[in-house]
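Peer 1: My structure is in model22.txt, and what it holds is compact mmCIF, C-alpha atoms:
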```
# COMPACT_ATOMS: atom_id res chain seq x y z
CA MET A 1 95.27 112.99 102.95
CA GLU A 2 92.90 110.09 103.63
CA SER A 3 91.97 109.40 107.24
CA VAL A 4 90.27 106.88 109.51
CA LYS A 5 87.54 107.84 111.95
CA LEU A 6 88.31 106.89 115.54
CA LYS A 7 85.75 105.92 118.18
CA SER A 8 85.85 109.52 119.39
CA SER A 9 84.89 110.70 115.87
CA SER A 10 88.34 112.28 115.48
CA GLU A 11 89.87 111.90 112.02
CA MET A 12 93.34 110.31 112.07
CA PRO A 13 95.39 110.67 108.86
CA ILE A 14 96.27 107.25 107.43
CA LEU A 15 99.84 108.34 106.64
CA GLY A 16 102.05 109.86 109.30
CA LEU A 17 105.72 110.65 109.74
CA GLY A 18 107.47 108.26 112.09
CA THR A 19 110.27 110.04 113.97
CA TRP A 20 111.99 107.30 115.96
CA ASP A 21 115.78 107.78 115.74
CA LEU A 22 115.44 111.26 114.22
CA LEU A 23 117.29 113.68 116.49
CA GLY A 24 118.33 117.31 116.60
CA GLN A 25 118.56 119.30 113.39
CA ALA A 26 117.98 116.20 111.26
CA CYS A 27 114.61 115.81 112.97
CA VAL A 28 113.78 119.50 112.55
CA GLN A 29 114.52 119.32 108.83
CA ALA A 30 112.58 116.08 108.28
CA VAL A 31 109.48 117.45 110.02
CA LYS A 32 109.66 120.72 108.11
CA MET A 33 109.99 118.90 104.78
CA ALA A 34 107.07 116.63 105.64
CA LEU A 35 104.82 119.53 106.63
CA ASN A 36 105.70 121.45 103.47
CA LEU A 37 104.79 118.39 101.37
CA GLY A 38 101.37 118.11 103.01
CA TYR A 39 101.89 115.70 105.91
CA THR A 40 99.64 116.52 108.86
CA HIS A 41 100.28 113.50 111.12
CA ILE A 42 103.46 113.42 113.25
CA ASP A 43 104.27 110.47 115.52
CA THR A 44 106.70 110.86 118.42
CA ALA A 45 107.24 109.70 122.00
CA TRP A 46 108.87 110.88 125.20
CA MET A 47 111.46 108.11 124.83
CA TYR A 48 112.52 109.33 121.37
CA GLU A 49 114.10 112.46 122.91
CA ASN A 50 113.10 114.53 119.87
CA GLN A 51 109.92 116.29 120.95
CA GLY A 52 111.78 119.57 121.42
CA ALA A 53 113.09 119.37 117.86
CA ILE A 54 109.59 118.64 116.56
CA GLY A 55 108.20 121.59 118.51
CA ASP A 56 110.87 123.84 116.99
CA ALA A 57 110.01 122.60 113.48
CA LEU A 58 106.30 123.28 114.01
CA LYS A 59 107.10 126.79 115.22
CA GLU A 60 109.52 127.55 112.37
CA VAL A 61 106.99 126.44 109.75
CA GLY A 62 104.15 128.28 111.46
CA ALA A 63 102.02 125.15 111.23
CA ASP A 64 98.27 125.46 111.77
CA ARG A 65 97.84 123.35 114.92
CA GLU A 66 94.19 122.57 114.17
CA ARG A 67 95.20 120.86 110.92
CA LEU A 68 97.76 118.63 112.64
CA PHE A 69 97.41 115.24 114.30
CA ILE A 70 100.20 114.78 116.86
CA THR A 71 100.76 111.47 118.64
CA SER A 72 103.02 110.99 121.63
CA LYS A 73 103.57 108.16 124.10
CA VAL A 74 104.25 107.75 127.80
CA TRP A 75 107.17 105.41 128.55
CA ASN A 76 106.57 102.31 130.66
CA THR A 77 108.67 103.63 133.56
CA HIS A 78 106.09 106.39 134.10
CA LEU A 79 102.78 104.51 134.12
CA HIS A 80 101.87 105.36 137.72
CA PHE A 81 99.24 108.10 138.00
CA ASP A 82 101.58 111.02 138.67
CA GLY A 83 104.16 109.79 136.16
CA VAL A 84 101.62 109.81 133.33
CA LEU A 85 100.59 113.37 134.15
CA GLU A 86 104.18 114.56 134.45
CA GLN A 87 105.29 113.00 131.19
CA CYS A 88 102.30 114.41 129.32
CA GLU A 89 103.10 117.89 130.62
CA GLU A 90 106.71 117.50 129.47
CA SER A 91 105.55 116.39 126.02
CA LEU A 92 103.18 119.34 125.72
CA ARG A 93 105.93 121.74 126.77
CA ASP A 94 108.51 120.33 124.36
CA LEU A 95 106.07 120.14 121.45
CA GLN A 96 104.89 123.68 122.19
CA THR A 97 101.24 122.71 122.09
CA SER A 98 98.34 122.75 124.53
CA TYR A 99 97.03 119.31 123.63
CA LEU A 100 97.91 115.97 122.04
CA ASP A 101 95.62 114.42 119.46
CA LEU A 102 96.61 110.96 120.67
CA PHE A 103 98.46 109.80 123.80
CA LEU A 104 99.56 106.18 123.96
CA ILE A 105 100.92 103.82 126.58
CA HIS A 106 104.17 103.06 124.78
CA TRP A 107 104.79 99.62 126.27
CA PRO A 108 102.94 97.71 129.00
CA ASN A 109 104.43 97.34 132.47
CA GLU A 110 103.02 94.48 134.53
CA ALA A 111 104.26 96.14 137.74
CA VAL A 112 101.73 98.98 137.35
CA PRO A 113 97.98 98.25 137.38
CA LEU A 114 96.37 99.33 134.12
CA ASP A 115 93.47 100.97 135.91
CA GLU A 116 95.90 103.40 137.59
CA THR A 117 97.39 104.40 134.25
CA PHE A 118 93.98 104.85 132.66
CA ARG A 119 92.75 106.96 135.58
CA ALA A 120 95.51 109.40 134.69
CA MET A 121 94.56 109.21 131.02
CA LYS A 122 90.96 110.01 131.99
CA GLN A 123 92.09 113.11 133.88
CA LEU A 124 94.16 114.30 130.93
CA SER A 125 91.18 113.73 128.65
CA ASP A 126 88.84 115.62 130.98
CA GLU A 127 91.29 118.53 131.11
CA GLY A 128 91.44 118.70 127.29
CA LYS A 129 95.15 117.93 127.19
CA VAL A 130 94.59 114.65 125.36
CA GLN A 131 91.97 114.23 122.63
CA ASN A 132 92.32 110.45 122.21
CA VAL A 133 93.78 107.67 124.33
CA GLY A 134 95.39 104.49 123.08
CA VAL A 135 98.03 101.84 123.61
CA SER A 136 101.07 100.47 121.82
CA ASN A 137 102.55 96.97 121.71
CA PHE A 138 99.48 95.48 123.45
CA SER A 139 98.44 91.85 123.01
CA VAL A 140 94.82 90.74 122.75
CA ASN A 141 94.74 89.91 126.48
CA LEU A 142 96.06 93.35 127.42
CA LEU A 143 93.64 95.03 125.03
CA GLU A 144 90.72 93.24 126.65
CA GLU A 145 91.93 94.20 130.12
CA SER A 146 92.42 97.81 129.03
CA GLN A 147 88.94 98.00 127.58
CA SER A 148 87.46 96.64 130.80
CA VAL A 149 89.19 99.15 133.14
CA SER A 150 89.43 102.34 131.08
CA GLU A 151 86.77 105.03 131.43
CA VAL A 152 87.87 106.56 128.13
CA PRO A 153 87.65 104.73 124.80
CA ILE A 154 90.75 102.85 123.65
CA THR A 155 90.98 104.28 120.14
CA VAL A 156 94.31 103.02 118.78
CA ASN A 157 96.79 100.17 119.19
CA GLN A 158 100.16 100.93 117.61
CA ILE A 159 102.08 97.75 116.80
CA LYS A 160 105.00 96.61 114.69
CA TYR A 161 103.44 95.31 111.48
CA HIS A 162 104.86 94.68 108.03
CA PRO A 163 104.74 91.83 105.48
CA GLY A 164 107.45 89.94 107.33
CA GLU A 165 105.94 90.39 110.80
CA GLN A 166 102.17 89.99 110.96
CA LYS A 167 100.11 90.01 114.16
CA ARG A 168 96.86 88.78 112.67
CA ASP A 169 95.20 87.94 116.00
CA VAL A 170 95.73 91.48 117.27
CA LEU A 171 94.54 93.02 113.99
CA LYS A 172 91.42 90.85 114.02
CA TRP A 173 90.56 91.82 117.60
CA CYS A 174 91.10 95.51 116.89
CA ASN A 175 88.93 95.40 113.77
CA GLU A 176 86.14 93.68 115.71
CA HIS A 177 86.27 96.30 118.51
CA ARG A 178 86.73 99.43 116.36
CA VAL A 179 90.26 100.04 117.60
CA ALA A 180 92.38 101.55 114.84
CA VAL A 181 95.74 99.87 114.20
CA THR A 182 98.82 101.94 113.47
CA ALA A 183 101.66 99.97 111.88
CA TYR A 184 105.08 101.13 113.00
CA THR A 185 108.25 99.98 111.22
CA PRO A 186 105.97 99.27 108.22
CA LEU A 187 108.98 98.80 105.94
CA GLY A 188 110.75 96.44 108.33
CA ARG A 189 113.73 98.81 108.66
CA GLY A 190 114.36 98.17 104.96
CA GLU A 191 115.14 94.46 105.07
CA ILE A 192 111.84 93.43 103.45
CA LEU A 193 112.39 95.70 100.45
CA VAL A 194 114.51 93.06 98.71
CA GLU A 195 111.83 90.39 99.16
CA PRO A 196 111.34 88.94 95.62
CA THR A 197 107.54 88.97 95.84
CA LEU A 198 107.47 92.68 96.68
CA VAL A 199 110.07 93.44 94.01
CA GLU A 200 108.10 91.59 91.31
CA ILE A 201 104.79 93.25 92.20
CA ALA A 202 106.47 96.66 92.34
CA GLU A 203 108.10 96.28 88.93
CA ARG A 204 104.82 95.16 87.36
CA LEU A 205 102.92 98.14 88.83
CA SER A 206 105.72 100.68 88.28
CA LYS A 207 105.95 101.24 92.03
CA THR A 208 108.66 100.62 94.62
CA PRO A 209 108.73 97.63 97.01
CA GLY A 210 108.20 100.09 99.86
CA GLN A 211 105.06 101.47 98.24
CA VAL A 212 103.72 97.94 97.77
CA ALA A 213 104.33 97.17 101.46
CA LEU A 214 102.60 100.38 102.56
CA ARG A 215 99.70 99.84 100.16
CA TRP A 216 99.23 96.31 101.54
CA LEU A 217 98.87 97.77 105.05
CA VAL A 218 96.64 100.68 104.01
CA GLN A 219 94.40 98.37 102.00
CA GLN A 220 93.75 96.42 105.21
CA GLY A 221 92.63 99.62 106.94
CA MET A 222 95.79 100.31 108.90
CA VAL A 223 97.47 103.65 109.58
CA VAL A 224 101.16 103.73 108.61
CA ILE A 225 103.97 105.85 110.04
CA PRO A 226 107.15 105.18 108.03
CA LYS A 227 110.23 107.15 109.01
CA ALA A 228 111.73 109.26 106.23
CA SER A 229 114.23 112.09 106.21
CA SER A 230 114.56 112.94 102.50
CA VAL A 231 112.13 114.64 100.15
CA GLY A 232 112.29 111.65 97.81
CA HIS A 233 111.26 109.11 100.42
CA LEU A 234 108.63 111.42 101.92
CA LYS A 235 107.03 111.83 98.49
CA GLU A 236 107.32 108.12 97.75
CA ASN A 237 105.48 107.24 100.94
CA MET A 238 102.63 109.61 100.04
CA ASP A 239 101.94 107.78 96.78
CA VAL A 240 99.90 104.91 98.20
CA PHE A 241 96.34 106.17 97.84
CA ASP A 242 95.27 106.28 94.17
CA TRP A 243 95.99 102.68 93.18
CA PHE A 244 95.17 99.21 94.48
CA LEU A 245 96.72 95.79 94.90
CA SER A 246 94.70 92.96 93.39
CA GLU A 247 93.25 90.28 95.63
CA VAL A 248 95.86 87.86 94.29
CA ASP A 249 98.73 90.24 95.10
CA MET A 250 97.31 90.92 98.58
CA GLU A 251 97.28 87.17 99.24
CA ARG A 252 100.84 86.77 97.97
CA VAL A 253 102.08 89.42 100.37
CA ASP A 254 100.00 87.86 103.17
CA LYS A 255 102.01 84.66 102.76
CA LEU A 256 105.32 86.40 103.43
```
Once more with this new file: its structure as structure tokens, please.

Peer 2:
Amino acid sequence: MESVKLKSSSEMPILGLGTWDLLGQACVQAVKMALNLGYTHIDTAWMYENQGAIGDALKEVGADRERLFITSKVWNTHLHFDGVLEQCEESLRDLQTSYLDLFLIHWPNEAVPLDETFRAMKQLSDEGKVQNVGVSNFSVNLLEESQSVSEVPITVNQIKYHPGEQKRDVLKWCNEHRVAVTAYTPLGRGEILVEPTLVEIAERLSKTPGQVALRWLVQQGMVVIPKASSVGHLKENMDVFDWFLSEVDMERVDKL
């Protein structure tokens, strides 16, 4: 699996399994299938209420923790110092692991000073419970504020990004400041897959519209975390690394 190098020098796999809305046994089975196919990057969050199921899947498979990259997120109701620590401990317990590879602020909360949240992140980093710190759904202004107050590097900004919803100003800022961008909902919950431009490119390249959308993101240097719960879709999402979109096709998708 290809990866991007974060500011911390950690390697983050470019393709991960998104788990939003995967619950209970369905989540256990999806994670187990993904791991057996070669996925090593699992994305979750406290708010998803599925970390226990993911922990069970990791245990059942006997996954090698050192080969995995696990991302979780603290919800915006818990961004005070103690709340961040408590939610991280709960995530570690549910996931049955001693550390997170990446811990994100899930959504900003203007009622809580960012420096307080990042002080807690610094403590978790110092204690070895969090390997990398990042944010999610942050604008350029919030990214700049975060960078100015955080004592630990901001390594990732996870944002909604797909051909039909492009945040070019945020992507540009992140690229200029070596902050990796993870695209969540990279397939637009399926509605973009009938877009004629994607369909035409896919047919010409003998790919699917979803693979074209993912390749367009990957080719711009982004990490992608599509949700999938079947072997077919999990395999399909893996097939985005040994082919390229032409400059003309990249520009056509840009215009969507």

Peer 1: My list of candidates is A:Leu256, A:Met33, A:Leu58, A:Ile14. Which is closest to Ala228 (chain A) when distances are computed with all atoms listed in the file?

Peer 2: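 Closest candidate: A:Met33.
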
Peer 1: Show which residues sit within 8 Å of Val240 (chain A), as number ranges by chain. Count only C-alpha atoms, and ignore same-chain residues fewer than 5 positions away.

Peer 2: A: 211-212, 214-215, 218

Peer 1: Contacts of Ser3 (chain A) at 12 Å or less, counting all atoms listed in the file, minus same-chain residues fewer than 5 places along, as a list in words?

Peer 2: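 My list of contacting residues is Ser9, Ser10, Glu11, Met12, Pro13, Ile14, Leu15, Gly16, Tyr39, Thr40, His41, Phe69, Ala180, Thr182, Val218, Gly221, Met222, Val223, Val224 and Phe241 of chain A.
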
Peer 1: What is the distance between CA of Asp249 (chain A) and CA of Glu176 (chain A), in Å to one decimal?

Peer 2: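 So the answer is 24.4 Å.
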
Peer 1: Considering all atoms listed in the file, return as number ranges by chain whatever protein or nucleic-acid residues lie within 12 Å of Ala34 (chain A), sequence-local ones (same chain, fewer than 3 positions apart) excluded.

Peer 2: A: 15-19, 27-31, 37-43, 54, 57-58, 61, 63, 68, 226-238

Peer 1: I need the residue nearest Arg189 (chain A) from this list: A:Phe138, A:His106, A:Ala213, A:Asp254. Use only C-alpha atoms for the distance.

Peer 2: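 Smallest distance to Arg189 (chain A) is found for A:Ala213.
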
Peer 1: Near region 74-79 of chain A, within 12 Å and counting all atoms listed in the file, which residues show up once chain neighbours fewer than 3 positions away are dropped, as JSON, numbers by chain?

Peer 2: {"A": [44, 45, 46, 47, 48, 49, 71, 82, 83, 84, 85, 86, 87, 88, 89, 90, 91, 92, 100, 102, 103, 104, 105, 106, 107, 108, 109, 110, 111, 112, 113, 114, 115, 116, 117, 118, 119, 120, 121, 133, 134, 135, 136, 137]}

Peer 1: One number please: CA of Ile154 (chain A) to CA of Asp21 (chain A), in Å, one decimal.

Peer 2: 26.7 Å

Peer 1: Using the incomplete input, complete region 222-249 of chain A to the level of N, CA and C atoms; output as a PDB file, in the coordinates of the input.

Peer 2:
```pdb
ATOM      1  N   MET A 222      94.846  99.863 107.882  1.00  0.00           N
ATOM      2  CA  MET A 222      95.790 100.310 108.900  1.00  0.00           C
ATOM      3  C   MET A 222      96.343 101.703 108.603  1.00  0.00           C
ATOM      4  N   VAL A 223      96.729 102.399 109.671  1.00  0.00           N
ATOM      5  CA  VAL A 223      97.470 103.650 109.580  1.00  0.00           C
ATOM      6  C   VAL A 223      98.951 103.285 109.515  1.00  0.00           C
ATOM      7  N   VAL A 224      99.729 104.032 108.747  1.00  0.00           N
ATOM      8  CA  VAL A 224     101.160 103.730 108.610  1.00  0.00           C
ATOM      9  C   VAL A 224     101.985 104.960 108.952  1.00  0.00           C
ATOM     10  N   ILE A 225     103.122 104.726 109.629  1.00  0.00           N
ATOM     11  CA  ILE A 225     103.970 105.850 110.040  1.00  0.00           C
ATOM     12  C   ILE A 225     105.441 105.562 109.690  1.00  0.00           C
ATOM     13  N   PRO A 226     105.762 105.431 108.406  1.00  0.00           N
ATOM     14  CA  PRO A 226     107.150 105.180 108.030  1.00  0.00           C
ATOM     15  C   PRO A 226     108.043 106.378 108.353  1.00  0.00           C
ATOM     16  N   LYS A 227     109.263 106.085 108.801  1.00  0.00           N
ATOM     17  CA  LYS A 227     110.230 107.150 109.010  1.00  0.00           C
ATOM     18  C   LYS A 227     110.855 107.510 107.674  1.00  0.00           C
ATOM     19  N   ALA A 228     111.052 108.797 107.447  1.00  0.00           N
ATOM     20  CA  ALA A 228     111.730 109.260 106.230  1.00  0.00           C
ATOM     21  C   ALA A 228     112.379 110.591 106.536  1.00  0.00           C
ATOM     22  N   SER A 229     113.538 110.827 105.943  1.00  0.00           N
ATOM     23  CA  SER A 229     114.230 112.090 106.210  1.00  0.00           C
ATOM     24  C   SER A 229     114.702 112.776 104.929  1.00  0.00           C
ATOM     25  N   SER A 230     114.236 112.292 103.770  1.00  0.00           N
ATOM     26  CA  SER A 230     114.560 112.940 102.500  1.00  0.00           C
ATOM     27  C   SER A 230     113.266 113.247 101.763  1.00  0.00           C
ATOM     28  N   VAL A 231     113.316 114.255 100.925  1.00  0.00           N
ATOM     29  CA  VAL A 231     112.130 114.640 100.150  1.00  0.00           C
ATOM     30  C   VAL A 231     111.681 113.471  99.277  1.00  0.00           C
ATOM     31  N   GLY A 232     112.640 112.759  98.691  1.00  0.00           N
ATOM     32  CA  GLY A 232     112.290 111.650  97.810  1.00  0.00           C
ATOM     33  C   GLY A 232     111.501 110.572  98.518  1.00  0.00           C
ATOM     34  N   HIS A 233     111.965 110.156  99.687  1.00  0.00           N
ATOM     35  CA  HIS A 233     111.260 109.110 100.420  1.00  0.00           C
ATOM     36  C   HIS A 233     109.934 109.609 100.990  1.00  0.00           C
ATOM     37  N   LEU A 234     109.886 110.855 101.417  1.00  0.00           N
ATOM     38  CA  LEU A 234     108.630 111.420 101.920  1.00  0.00           C
ATOM     39  C   LEU A 234     107.571 111.426 100.816  1.00  0.00           C
ATOM     40  N   LYS A 235     107.961 111.829  99.612  1.00  0.00           N
ATOM     41  CA  LYS A 235     107.030 111.830  98.490  1.00  0.00           C
ATOM     42  C   LYS A 235     106.622 110.414  98.107  1.00  0.00           C
ATOM     43  N   GLU A 236     107.596 109.513  98.103  1.00  0.00           N
ATOM     44  CA  GLU A 236     107.320 108.120  97.750  1.00  0.00           C
ATOM     45  C   GLU A 236     106.276 107.518  98.680  1.00  0.00           C
ATOM     46  N   ASN A 237     106.413 107.807  99.969  1.00  0.00           N
ATOM     47  CA  ASN A 237     105.480 107.240 100.940  1.00  0.00           C
ATOM     48  C   ASN A 237     104.072 107.828 100.823  1.00  0.00           C
ATOM     49  N   MET A 238     103.953 109.002 100.222  1.00  0.00           N
ATOM     50  CA  MET A 238     102.630 109.610 100.040  1.00  0.00           C
ATOM     51  C   MET A 238     101.859 108.965  98.896  1.00  0.00           C
ATOM     52  N   ASP A 239     102.571 108.306  97.989  1.00  0.00           N
ATOM     53  CA  ASP A 239     101.940 107.780  96.780  1.00  0.00           C
ATOM     54  C   ASP A 239     101.430 106.357  97.018  1.00  0.00           C
ATOM     55  N   VAL A 240     100.465 106.235  97.909  1.00  0.00           N
ATOM     56  CA  VAL A 240      99.900 104.910  98.200  1.00  0.00           C
ATOM     57  C   VAL A 240      98.367 104.933  98.207  1.00  0.00           C
ATOM     58  N   PHE A 241      97.775 105.993  97.669  1.00  0.00           N
ATOM     59  CA  PHE A 241      96.340 106.170  97.840  1.00  0.00           C
ATOM     60  C   PHE A 241      95.509 106.057  96.561  1.00  0.00           C
ATOM     61  N   ASP A 242      96.092 106.232  95.393  1.00  0.00           N
ATOM     62  CA  ASP A 242      95.270 106.280  94.170  1.00  0.00           C
ATOM     63  C   ASP A 242      95.453 105.049  93.302  1.00  0.00           C
ATOM     64  N   TRP A 243      95.843 103.940  93.904  1.00  0.00           N
ATOM     65  CA  TRP A 243      95.990 102.680  93.180  1.00  0.00           C
ATOM     66  C   TRP A 243      95.723 101.546  94.166  1.00  0.00           C
ATOM     67  N   PHE A 244      95.547 100.345  93.633  1.00  0.00           N
ATOM     68  CA  PHE A 244      95.170  99.210  94.480  1.00  0.00           C
ATOM     69  C   PHE A 244      95.995  97.972  94.134  1.00  0.00           C
ATOM     70  N   LEU A 245      96.171  97.118  95.126  1.00  0.00           N
ATOM     71  CA  LEU A 245      96.720  95.790  94.900  1.00  0.00           C
ATOM     72  C   LEU A 245      95.558  94.839  94.620  1.00  0.00           C
ATOM     73  N   SER A 246      95.739  93.942  93.682  1.00  0.00           N
ATOM     74  CA  SER A 246      94.700  92.960  93.390  1.00  0.00           C
ATOM     75  C   SER A 246      94.560  91.994  94.560  1.00  0.00           C
ATOM     76  N   GLU A 247      93.460  91.274  94.578  1.00  0.00           N
ATOM     77  CA  GLU A 247      93.250  90.280  95.630  1.00  0.00           C
ATOM     78  C   GLU A 247      94.359  89.225  95.607  1.00  0.00           C
ATOM     79  N   VAL A 248      94.793  88.866  94.413  1.00  0.00           N
ATOM     80  CA  VAL A 248      95.860  87.860  94.290  1.00  0.00           C
ATOM     81  C   VAL A 248      97.161  88.404  94.874  1.00  0.00           C
ATOM     82  N   ASP A 249      97.492  89.658  94.556  1.00  0.00           N
ATOM     83  CA  ASP A 249      98.730  90.240  95.100  1.00  0.00           C
ATOM     84  C   ASP A 249      98.646  90.424  96.610  1.00  0.00           C
TER      85      ASP A 249
END
```
